[in-house]
Protein chains: 4
Amino acid sequence: MANYMDSVDKIEKKKYISEKTLELISKKGLANFTMEDVAVACNVSKGSLYNYFKNKNALIVAAFTALMEKMLHFFEEKTSDSTSDCLEKSADIYTQIYSEILSSFPSSDLLRLLEILLNSTHDPSMMQSLTKTFKDYYNKILSNFEKIFKSKSSALMLQAMFDGLVIYKAFGVEISDEEIQENVRKIVLCLAK
Amino acid sequence: MANYMDSVDKIEKKKYISEKTLELISKKGLANFTMEDVAVACNVSKGSLYNYFKNKNALIVAAFTALMEKMLHFFEEKTSDSTSDCLEKSADIYTQIYSEILSSFPSSDLLRLLEILLNSTHDPSMMQSLTKTFKDYYNKILSNFEKIFKSKSSALMLQAMFDGLVIYKAFGVEISDEEIQENVRKIVLCLAK
Amino acid sequence: MANYMDSVDKIEKKKYISEKTLELISKKGLANFTMEDVAVACNVSKGSLYNYFKNKNALIVAAFTALMEKMLHFFEEKTSDSTSDCLEKSADIYTQIYSEILSSFPSSDLLRLLEILLNSTHDPSMMQSLTKTFKDYYNKILSNFEKIFKSKSSALMLQAMFDGLVIYKAFGVEISDEEIQENVRKIVLCLAK
Amino acid sequence: MANYMDSVDKIEKKKYISEKTLELISKKGLANFTMEDVAVACNVSKGSLYNYFKNKNALIVAAFTALMEKMLHFFEEKTSDSTSDCLEKSADIYTQIYSEILSSFPSSDLLRLLEILLNSTHDPSMMQSLTKTFKDYYNKILSNFEKIFKSKSSALMLQAMFDGLVIYKAFGVEISDEEIQENVRKIVLCLAK
DNA sequence: CATGAATGAGCATTCATTCAT
DNA sequence: GATGAATGAATGCTCATTCAT
């Protein structure tokens, strides 16, 4: 029981550290946050971090997982009450969800997600860990959209479009929201046909 | 004239260094390549690099520009002979181009592009430089697609989708190429309506 | 208590490093000593120095403080037993102290003090730190002479003269010690009037 | 004649470079000015500087000489019309000169002089060059004051006091100008007795 | 003589990781 | 388990000096 409690504690503490790390990565950037930063933010000694995570990369992977979890919750919340058999209605619902997400979604999270992902490109073992988590969570997120579309690839492609647009927006490509919404609606309808 | 020759030389050497740097970033990663690496790759002393670029960031910006140039050429080549007034034909052409690109495009280039872009997120001055270049080139790339669609936002959204899919693919999300092509065709047609 | 011990240790180690640094500055010069030199002299890794001092400048400030401390002790020792109400006697005592100091004082210390001070001229934050320390210690040193003169400005001006003469001597201006002593005596008497 | 003209040109150019260097040292500090800075300020290529001066140290020595020249002119101007046989009048004149100097003298010049001098401490050959120049010019400066005092050591000691006070002032030691003037007058009179 | 590109030794600083307590 | 001092390899950047043109 002491053991049980301890291990629970340890898991919770790992989670706590992961989330603080995620905050730090968001604030300072993947390339600029230090183990020292994490230790201070968690009110823990630098050495202690190594009792919870093998090394900095393991900590990044954990933070990445926390990020995916956060995203999953966000999308689940948005898509929970939105199933419909009627095509037109589905299109409306999706377009609406999409609009909401595009306006409310903390795009910095997506940016961070990609930042971590892309930085792993040159470290095979790192990339492997992240890829696994990424696929798992993205499949879950997409499965929620499948409910609307009844087609996996459609959901996937719209999600891809969504990601691309968020990036473009972040880096200054100008887009008219109205035109996009109109097009999204068209696409949803035509893909469902 | 000596001046003219010199400045031409200098510009060419800058370009040469930029391209070597791009290779290095691709091979070792943005976070892992060093000025030493660049110097060795260019067969030049480390100090000399600083006669051409103010600092490492300036060099990265130059490499990024070289990358955008490379991408522009790639897309221009693919889209050069592809205008048509007939809608169906346009759809076919775009779908075909898209397929070609998706199969032949060195997706690592896009990954690299995004890696550089996203890493700049926490350095305002860096981000500013990159954003400017990014917008300029992306507009040029998109303008080629506009010729096919006669609509800017459509081209933009398809390009966004394209980018998103390349990322997904790189990180292991499984996609059926046939389904995607079918959907692309549908979307092109419906957007053109 | 562990904390207390630690902080005492840390303070002592800082002092130790400061003094070694001062030695190095004296030996190699402010412009020529390196952090590497300090690390080797202290039998410590270069990185460790940065656990004690934020940067090289902070270390220089600490060394400067150690130097002022050393000077203060020197002057206090010389002036400790030298109060008198009789004017003539005061003049004798001061003249004697002055002679002793001029012959025994390690003028290189004063040279070092000024070297550090003057080099800070172009670094405002550095100058601020040094100026504060300088004023504090010089006031203490002067206050010992005030006891002899009962006048602050007199002490100050004689001290200034002393500093100037030490510099002149160091740089080869020839001075007759006897004449100087005679003049000092005159000045002390006339200032006291 | 071409040769003659050239050598005149060369001497003048050296002087020009020396003075520009002095300006740079004043502006950026001895430790921070670069050969590049000098080249730019003189509108000359970096390589050319080495046709005029063997190395950076030689340039510093030349700048130092230019500084001493400047100081000499300053003092000569101030002391030119100030000889008198009457003691009281001499005291008045000296006190007045002293006041003028203390208020009008660009103390940064003296600071610079000492900065250069003290930084040479650890480079024997450098120190030798500077010391020689320093002694020569200081003797000339002092000889002007001797005219007032008819005593070399008196002039020397007052000058030393002056230098010391300028330093103190620069580094924040507070001094009452009135008290100083009063004391100077006393000292001048007593030393002349 | 003038140039300025090239050099390369040199240095401050950072930071993940370790380990004795 | 927790700590934090110590480490030391790694790296961006500077700058006096040289030399081919």
# chains A, B, ... in the order shown; residues from 1 in each chain; ligands from 1
>>> residues_around(residues="Ala31 (chain B)", least_positions_apart="6", cutoff="9 Å", atoms="only C-alpha atoms (C1' of nucleotides)", output="MDAnalysis selection string")
(chainID A and resid 31 119) or (chainID B and resid 25 119)
>>> residues_around(residues="Lys56 (chain A)", least_positions_apart="4", cutoff="9 Å", atoms="only C-alpha atoms (C1' of nucleotides)", output="short mmCIF file (atom, residue, chain, number, x, y, z; two decimals) with C-alpha atoms (C1' of nucleotides), in the first residue's frame")
data_model
loop_
_atom_site.label_atom_id
_atom_site.label_comp_id
_atom_site.auth_asym_id
_atom_site.auth_seq_id
_atom_site.Cartn_x
_atom_site.Cartn_y
_atom_site.Cartn_z
CA THR A 34 16.46 23.71 -19.91
CA MET A 35 16.29 21.01 -17.28
CA TYR A 50 16.36 12.10 -13.48
CA ILE A 60 10.03 15.78 -24.09
CA VAL A 61 8.21 12.64 -25.15
"C1'" DA E 16 22.63 17.79 -19.77
#
>>> interface_residues(of="chain E", to="chain A", cutoff="9 Å", atoms="only C-alpha atoms (C1' of nucleotides)", output="NGL selection string")
:E and (15-18)
>>> write_last_selection(atoms="all heavy atoms", output="short mmCIF file (atom, residue, chain, number, x, y, z; two decimals), in the first residue's frame")
data_model
loop_
_atom_site.label_atom_id
_atom_site.label_comp_id
_atom_site.auth_asym_id
_atom_site.auth_seq_id
_atom_site.Cartn_x
_atom_site.Cartn_y
_atom_site.Cartn_z
P DC E 15 21.41 27.14 -21.84
OP1 DC E 15 20.47 27.30 -22.97
OP2 DC E 15 21.14 27.82 -20.57
"O5'" DC E 15 21.59 25.59 -21.58
"C5'" DC E 15 22.43 24.87 -22.44
"C4'" DC E 15 22.57 23.44 -21.95
"O4'" DC E 15 23.86 23.29 -21.34
"C3'" DC E 15 21.55 23.03 -20.88
"O3'" DC E 15 21.20 21.69 -21.12
"C2'" DC E 15 22.33 23.17 -19.59
"C1'" DC E 15 23.72 22.75 -20.04
N1 DC E 15 24.84 23.29 -19.23
C2 DC E 15 26.06 22.63 -19.21
O2 DC E 15 26.20 21.59 -19.86
N3 DC E 15 27.08 23.13 -18.46
C4 DC E 15 26.88 24.25 -17.77
N4 DC E 15 27.91 24.72 -17.06
C5 DC E 15 25.64 24.95 -17.78
C6 DC E 15 24.65 24.44 -18.52
P DA E 16 19.73 21.23 -20.76
OP1 DA E 16 18.85 21.69 -21.84
OP2 DA E 16 19.39 21.56 -19.36
"O5'" DA E 16 19.92 19.66 -20.90
"C5'" DA E 16 20.49 19.15 -22.10
"C4'" DA E 16 21.42 17.99 -21.80
"O4'" DA E 16 22.57 18.44 -21.04
"C3'" DA E 16 20.80 16.87 -20.98
"O3'" DA E 16 21.31 15.63 -21.47
"C2'" DA E 16 21.26 17.17 -19.55
"C1'" DA E 16 22.63 17.79 -19.77
N9 DA E 16 23.01 18.82 -18.81
C8 DA E 16 22.26 19.87 -18.38
N7 DA E 16 22.88 20.65 -17.52
C5 DA E 16 24.12 20.08 -17.38
C6 DA E 16 25.25 20.43 -16.60
N6 DA E 16 25.30 21.51 -15.80
N1 DA E 16 26.33 19.64 -16.70
C2 DA E 16 26.29 18.58 -17.50
N3 DA E 16 25.29 18.14 -18.28
C4 DA E 16 24.23 18.95 -18.17
P DT E 17 20.66 14.30 -20.92
OP1 DT E 17 20.80 13.32 -22.00
OP2 DT E 17 19.35 14.58 -20.32
"O5'" DT E 17 21.70 13.91 -19.78
"C5'" DT E 17 23.09 13.86 -20.13
"C4'" DT E 17 23.90 13.64 -18.88
"O4'" DT E 17 24.08 14.88 -18.16
"C3'" DT E 17 23.35 12.64 -17.85
"O3'" DT E 17 24.34 11.65 -17.65
"C2'" DT E 17 23.11 13.46 -16.61
"C1'" DT E 17 24.13 14.58 -16.78
N1 DT E 17 23.86 15.83 -16.04
C2 DT E 17 24.86 16.35 -15.25
O2 DT E 17 25.95 15.81 -15.13
N3 DT E 17 24.53 17.52 -14.61
C4 DT E 17 23.34 18.20 -14.67
O4 DT E 17 23.17 19.24 -14.05
C5 DT E 17 22.32 17.60 -15.52
C7 DT E 17 20.99 18.26 -15.66
C6 DT E 17 22.64 16.47 -16.14
P DT E 18 24.04 10.37 -16.81
OP1 DT E 18 24.45 9.25 -17.67
OP2 DT E 18 22.68 10.42 -16.24
"O5'" DT E 18 25.10 10.51 -15.63
"C5'" DT E 18 26.34 11.12 -15.92
"C4'" DT E 18 27.11 11.40 -14.65
"O4'" DT E 18 26.68 12.66 -14.07
"C3'" DT E 18 26.93 10.35 -13.53
"O3'" DT E 18 28.20 10.13 -12.96
"C2'" DT E 18 25.97 11.04 -12.56
"C1'" DT E 18 26.39 12.49 -12.70
N1 DT E 18 25.36 13.50 -12.37
C2 DT E 18 25.72 14.56 -11.57
O2 DT E 18 26.84 14.69 -11.11
N3 DT E 18 24.71 15.47 -11.33
C4 DT E 18 23.41 15.42 -11.81
O4 DT E 18 22.61 16.30 -11.53
C5 DT E 18 23.11 14.29 -12.63
C7 DT E 18 21.72 14.15 -13.20
C6 DT E 18 24.08 13.39 -12.87
#
>>> select_by_dssp(residues="region 2-193 of chain B", states="helix (DSSP H, G or I)", output="PyMOL selection string")
chain B and resi 2-28+35-42+46-52+56-79+87-104+107-122+124-149+152-170+177-192
>>> interface_residues(of="chain C", to="chain F", cutoff="12 Å", atoms="only C-alpha atoms (C1' of nucleotides)", output="list in words")
Ala2, Asn3, Asp6, Asp9, Lys10, Lys13, Glu36, Ala39, Asn43, Val44, Ser45, Lys46, Gly47, Ser48, Leu49, Tyr50, Asn51 and Tyr52 of chain C
>>> interface_residues(of="chain B", to="chain A", cutoff="6 Å", atoms="only C-alpha atoms", output="PDB file with all heavy atoms, in the first residue's frame")
ATOM      1  N   GLY B  29      19.933  18.099 -38.959  1.00  0.00           N
ATOM      2  CA  GLY B  29      18.868  18.750 -38.202  1.00  0.00           C
ATOM      3  C   GLY B  29      19.220  20.165 -37.816  1.00  0.00           C
ATOM      4  O   GLY B  29      20.387  20.490 -37.585  1.00  0.00           O
ATOM      5  N   GLU B 115      10.233  22.617 -40.164  1.00  0.00           N
ATOM      6  CA  GLU B 115      11.138  22.552 -39.009  1.00  0.00           C
ATOM      7  C   GLU B 115      11.755  23.934 -38.759  1.00  0.00           C
ATOM      8  O   GLU B 115      11.752  24.439 -37.640  1.00  0.00           O
ATOM      9  CB  GLU B 115      12.244  21.522 -39.276  1.00  0.00           C
ATOM     10  CG  GLU B 115      13.165  21.286 -38.080  1.00  0.00           C
ATOM     11  CD  GLU B 115      14.281  20.282 -38.412  1.00  0.00           C
ATOM     12  OE1 GLU B 115      14.212  19.623 -39.473  1.00  0.00           O
ATOM     13  OE2 GLU B 115      15.217  20.168 -37.601  1.00  0.00           O
ATOM     14  N   LEU B 118       8.953  26.489 -37.692  1.00  0.00           N
ATOM     15  CA  LEU B 118       8.419  26.320 -36.336  1.00  0.00           C
ATOM     16  C   LEU B 118       9.453  26.613 -35.272  1.00  0.00           C
ATOM     17  O   LEU B 118       9.126  27.079 -34.180  1.00  0.00           O
ATOM     18  CB  LEU B 118       7.874  24.902 -36.191  1.00  0.00           C
ATOM     19  CG  LEU B 118       6.570  24.693 -36.971  1.00  0.00           C
ATOM     20  CD1 LEU B 118       6.281  23.210 -37.160  1.00  0.00           C
ATOM     21  CD2 LEU B 118       5.405  25.370 -36.257  1.00  0.00           C
ATOM     22  N   HIS B 122       9.867  31.215 -31.408  1.00  0.00           N
ATOM     23  CA  HIS B 122      10.167  31.925 -30.162  1.00  0.00           C
ATOM     24  C   HIS B 122      11.226  33.004 -30.330  1.00  0.00           C
ATOM     25  O   HIS B 122      11.753  33.526 -29.353  1.00  0.00           O
ATOM     26  CB  HIS B 122      10.590  30.915 -29.102  1.00  0.00           C
ATOM     27  CG  HIS B 122       9.562  29.867 -28.884  1.00  0.00           C
ATOM     28  ND1 HIS B 122       8.484  30.064 -28.056  1.00  0.00           N
ATOM     29  CD2 HIS B 122       9.407  28.637 -29.417  1.00  0.00           C
ATOM     30  CE1 HIS B 122       7.725  28.978 -28.078  1.00  0.00           C
ATOM     31  NE2 HIS B 122       8.255  28.094 -28.891  1.00  0.00           N
ATOM     32  N   THR B 131       8.964  34.556 -42.093  1.00  0.00           N
ATOM     33  CA  THR B 131       7.573  34.743 -42.506  1.00  0.00           C
ATOM     34  C   THR B 131       7.485  35.501 -43.823  1.00  0.00           C
ATOM     35  O   THR B 131       6.730  35.145 -44.725  1.00  0.00           O
ATOM     36  CB  THR B 131       6.797  35.514 -41.407  1.00  0.00           C
ATOM     37  OG1 THR B 131       6.741  34.694 -40.242  1.00  0.00           O
ATOM     38  CG2 THR B 131       5.392  35.834 -41.871  1.00  0.00           C
ATOM     39  N   LYS B 135       5.819  33.800 -47.062  1.00  0.00           N
ATOM     40  CA  LYS B 135       4.634  34.347 -47.722  1.00  0.00           C
ATOM     41  C   LYS B 135       4.907  34.618 -49.201  1.00  0.00           C
ATOM     42  O   LYS B 135       4.114  34.257 -50.083  1.00  0.00           O
ATOM     43  CB  LYS B 135       4.196  35.647 -47.044  1.00  0.00           C
ATOM     44  CG  LYS B 135       3.373  35.437 -45.805  1.00  0.00           C
ATOM     45  CD  LYS B 135       3.153  36.740 -45.065  1.00  0.00           C
ATOM     46  CE  LYS B 135       2.375  37.760 -45.881  1.00  0.00           C
ATOM     47  NZ  LYS B 135       2.129  38.989 -45.080  1.00  0.00           N
ATOM     48  N   ALA B 160      -2.948  23.543 -48.531  1.00  0.00           N
ATOM     49  CA  ALA B 160      -2.903  23.272 -47.091  1.00  0.00           C
ATOM     50  C   ALA B 160      -3.131  21.787 -46.836  1.00  0.00           C
ATOM     51  O   ALA B 160      -2.435  21.157 -46.025  1.00  0.00           O
ATOM     52  CB  ALA B 160      -3.953  24.110 -46.367  1.00  0.00           C
ATOM     53  N   MET B 161      -4.109  21.251 -47.541  1.00  0.00           N
ATOM     54  CA  MET B 161      -4.411  19.830 -47.395  1.00  0.00           C
ATOM     55  C   MET B 161      -3.201  18.989 -47.785  1.00  0.00           C
ATOM     56  O   MET B 161      -2.851  18.016 -47.113  1.00  0.00           O
ATOM     57  CB  MET B 161      -5.598  19.477 -48.287  1.00  0.00           C
ATOM     58  CG  MET B 161      -6.303  18.226 -47.897  1.00  0.00           C
ATOM     59  SD  MET B 161      -7.720  17.976 -48.984  1.00  0.00           S
ATOM     60  CE  MET B 161      -6.904  17.423 -50.467  1.00  0.00           C
ATOM     61  N   ASP B 163      -0.051  19.882 -47.713  1.00  0.00           N
ATOM     62  CA  ASP B 163       0.970  19.977 -46.670  1.00  0.00           C
ATOM     63  C   ASP B 163       0.634  19.082 -45.483  1.00  0.00           C
ATOM     64  O   ASP B 163       1.477  18.337 -44.983  1.00  0.00           O
ATOM     65  CB  ASP B 163       1.094  21.436 -46.181  1.00  0.00           C
ATOM     66  CG  ASP B 163       1.770  22.318 -47.223  1.00  0.00           C
ATOM     67  OD1 ASP B 163       2.259  21.792 -48.231  1.00  0.00           O
ATOM     68  OD2 ASP B 163       1.798  23.547 -47.014  1.00  0.00           O
ATOM     69  N   GLY B 164      -0.604  19.180 -45.062  1.00  0.00           N
ATOM     70  CA  GLY B 164      -1.020  18.358 -43.921  1.00  0.00           C
ATOM     71  C   GLY B 164      -0.818  16.879 -44.191  1.00  0.00           C
ATOM     72  O   GLY B 164      -0.286  16.151 -43.334  1.00  0.00           O
ATOM     73  N   LEU B 165      -1.191  16.459 -45.378  1.00  0.00           N
ATOM     74  CA  LEU B 165      -1.063  15.030 -45.692  1.00  0.00           C
ATOM     75  C   LEU B 165       0.395  14.584 -45.721  1.00  0.00           C
ATOM     76  O   LEU B 165       0.727  13.474 -45.290  1.00  0.00           O
ATOM     77  CB  LEU B 165      -1.740  14.740 -47.041  1.00  0.00           C
ATOM     78  CG  LEU B 165      -3.270  14.778 -47.014  1.00  0.00           C
ATOM     79  CD1 LEU B 165      -3.849  14.632 -48.421  1.00  0.00           C
ATOM     80  CD2 LEU B 165      -3.839  13.690 -46.106  1.00  0.00           C
ATOM     81  N   PHE B 171       4.787  10.978 -40.538  1.00  0.00           N
ATOM     82  CA  PHE B 171       4.741  10.493 -39.159  1.00  0.00           C
ATOM     83  C   PHE B 171       3.820   9.293 -38.983  1.00  0.00           C
ATOM     84  O   PHE B 171       3.275   9.081 -37.917  1.00  0.00           O
ATOM     85  CB  PHE B 171       4.400  11.635 -38.217  1.00  0.00           C
ATOM     86  CG  PHE B 171       5.532  12.602 -38.113  1.00  0.00           C
ATOM     87  CD1 PHE B 171       5.549  13.762 -38.877  1.00  0.00           C
ATOM     88  CD2 PHE B 171       6.614  12.332 -37.294  1.00  0.00           C
ATOM     89  CE1 PHE B 171       6.623  14.643 -38.807  1.00  0.00           C
ATOM     90  CE2 PHE B 171       7.680  13.212 -37.219  1.00  0.00           C
ATOM     91  CZ  PHE B 171       7.686  14.368 -37.983  1.00  0.00           C
ATOM     92  N   VAL B 173       0.879   8.175 -40.204  1.00  0.00           N
ATOM     93  CA  VAL B 173      -0.556   8.005 -40.353  1.00  0.00           C
ATOM     94  C   VAL B 173      -0.792   7.341 -41.716  1.00  0.00           C
ATOM     95  O   VAL B 173      -0.301   7.812 -42.736  1.00  0.00           O
ATOM     96  CB  VAL B 173      -1.294   9.359 -40.279  1.00  0.00           C
ATOM     97  CG1 VAL B 173      -2.790   9.158 -40.550  1.00  0.00           C
ATOM     98  CG2 VAL B 173      -1.075   9.988 -38.918  1.00  0.00           C
ATOM     99  N   ILE B 187     -13.123  17.081 -54.776  1.00  0.00           N
ATOM    100  CA  ILE B 187     -12.995  18.428 -54.194  1.00  0.00           C
ATOM    101  C   ILE B 187     -12.707  19.463 -55.277  1.00  0.00           C
ATOM    102  O   ILE B 187     -13.312  20.534 -55.310  1.00  0.00           O
ATOM    103  CB  ILE B 187     -11.861  18.447 -53.122  1.00  0.00           C
ATOM    104  CG1 ILE B 187     -12.274  17.578 -51.930  1.00  0.00           C
ATOM    105  CG2 ILE B 187     -11.580  19.865 -52.663  1.00  0.00           C
ATOM    106  CD1 ILE B 187     -11.167  17.352 -50.918  1.00  0.00           C
TER     107      ILE B 187
END
>>> atom_distance(atom1="CA of Asp37 (chain C)", atom2="CA of Asp109 (chain C)")
19.8 Å
